[in-house]
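Engineer: Below: one structure in structure tokens.
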Amino acid sequence: GGLAIVEIGCDDGKLIEESAWWPFTSVTHPAGDYAMRLVFTFITLGSMGLASLSQAAIIKGPGAPELASPGVVATSGHVSQLPDGFQQATTPITLKPGQDFLKITFWGGYENDATPNDNFTLRIWGPATGLTSDPSDAFYNQSITIDPSDKTVYGTDPGSGSILPKTVYQYSFDFPSPVAVSDAGGYFISVLNNTPTDEGWLWYSHSASSGQRYTRALPVDPDWLLLNPGSTRDLAFQTEHAPEPGSIALLSVAAVGLAFGAWRRRKKQKPATD
């Protein structure tokens, strides 16, 4: 980022343009070369716009659970907790090198609307190992605590029969520093609430087109099982990633190329003078 400054004046027959991506550069152009001044202005403004677009975070994942009506969640939740019991993991999101993890958002609530305990274990497995039963294979395996300011009430699961209504929360977690993505391929995510088994936390689902999720039941079955293949229930989550480093440079080069082409066309259109 930076501040683009353009100052134009006249001194002894010379057109002077002081342009800077503050505080680094300044350029002086001869009088009469108006097209060149336009080129530099175009590069400055164009690069600002293109860099802004290229720096937007890349979004992955299906997103929030659907609502049956305002404030009423239409999907169900699946227990995902430590130390034992059911655990859930997503189907893989596809990433490229440099698309580092910046943030994750997920949606969940507590069985019987129990008192929240917003401490989680977040694990990410990469394409080098795939989703394995060994937590040490996860290249990111950290305990996280959701700050109250990063947790909001998303809606209510009305329940049915003996199943009591539950509050569904939206949780957001910004990684303290970007989690590097060095390999191209699929990345699996598991969010586990650090609660006793009698206060199960439910990770809510989303009617995503992939329609799959992984589950296992510790300590009985440590292996992940792919559930509901071909159906319409994925886990509700969203991740944000850095843009590929090359995309910013590519867009900047494109801006320079466009500007140079405009300058050349302007030069060709100048009438000949004696």
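Chain labels follow the order of the structure tokens: the first chain is A, the next B, and so on; residue numbering restarts at 1 in every chain, and ligands are counted from 1 in their shown order.
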Any chance you could list, as a ChimeraX atom specification, the residues in stretch 60-272 of chain A that come up helix (DSSP H, G or I) when DSSP is run on the backbone?

Structural biologist: /A:111-113,135-137,148-150,197-199,245-269

Engineer: Using only C-alpha atoms, which protein or nucleic acid residues come within 7 Å of stretch 56-68 of chain A? Drop anything in the same chain fewer than 3 positions from it, and give the result as a PyMOL selection string.

Structural biologist: chain A and resi 52-53+71-75+93+107+204-206+208+236-243

Engineer: Compare A:Ser162, A:Asn119, A:Ser76, A:Ser143 by their minimum atom-to-atom distance to A:Asn193, counting only C-alpha atoms, and give me the closest one.

Structural biologist: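 The shortest atom-to-atom distance to A:Asn193 comes from A:Asn119.
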
Engineer: For the atom pair atom CA of A:Pro83 and atom CA of A:Ser136, what is the interatomic distance in Å to one decimal place?

Structural biologist: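 Those two atoms sit 15.2 Å apart.
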
Engineer: Considering only C-alpha atoms, state which residue in the set A:Gly155, A:Pro127, A:Pro92, A:Gly98 is at the smallest distance from A:Arg213.

Structural biologist: A:Pro92

Engineer: Given the choices A:Glu111, A:Asp118, A:Asp150, A:Asp223, which gets closest to A:Leu202 if the distance is worked out from only C-alpha atoms?

Structural biologist: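 Nearest candidate to A:Leu202 out of A:Glu111, A:Asp118, A:Asp150, A:Asp223: A:Glu111.
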
Engineer: For a quick check of understanding, using only C-alpha atoms, which of A:Ser207, A:Ser182, A:Thr91, A:Thr167 has the smallest distance to A:Phe139?

Structural biologist: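 Ranked by minimum distance to A:Phe139, first place goes to A:Ser182.
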
Engineer: Give the answer as one residue: which of A:Ile146, A:Val220, A:Leu227, A:Leu235 has the shortest atom-to-atom distance to A:Phe175, using only C-alpha atoms?

Structural biologist: A:Ile146

Engineer: Could you check which of A:Thr152, A:Ser69, A:Thr90, A:Ser172 is closest to A:Ile104, using only C-alpha atoms?

Structural biologist: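 That would be A:Ser172, the residue with the smallest distance to A:Ile104.
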
Engineer: Measure the distance from atom CA of A:Trp125 to atom CA of A:Asn141 in Å and round it to one decimal.

Structural biologist: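 Atom CA of A:Trp125 sits 8.9 Å away from atom CA of A:Asn141.
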
Engineer: By how many Å are atom CA of A:Gly130 and atom CA of A:Leu102 apart?

Structural biologist: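 Computing it gives 20.7 Å between the two atoms.
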
Engineer: Excluding A:Val168 and its own-chain neighbours fewer than 2 positions away, which residues fall within 6 Å of it when counting only C-alpha atoms? Please give them as a PyMOL selection string.

Structural biologist: chain A and resi 108-109+154-156
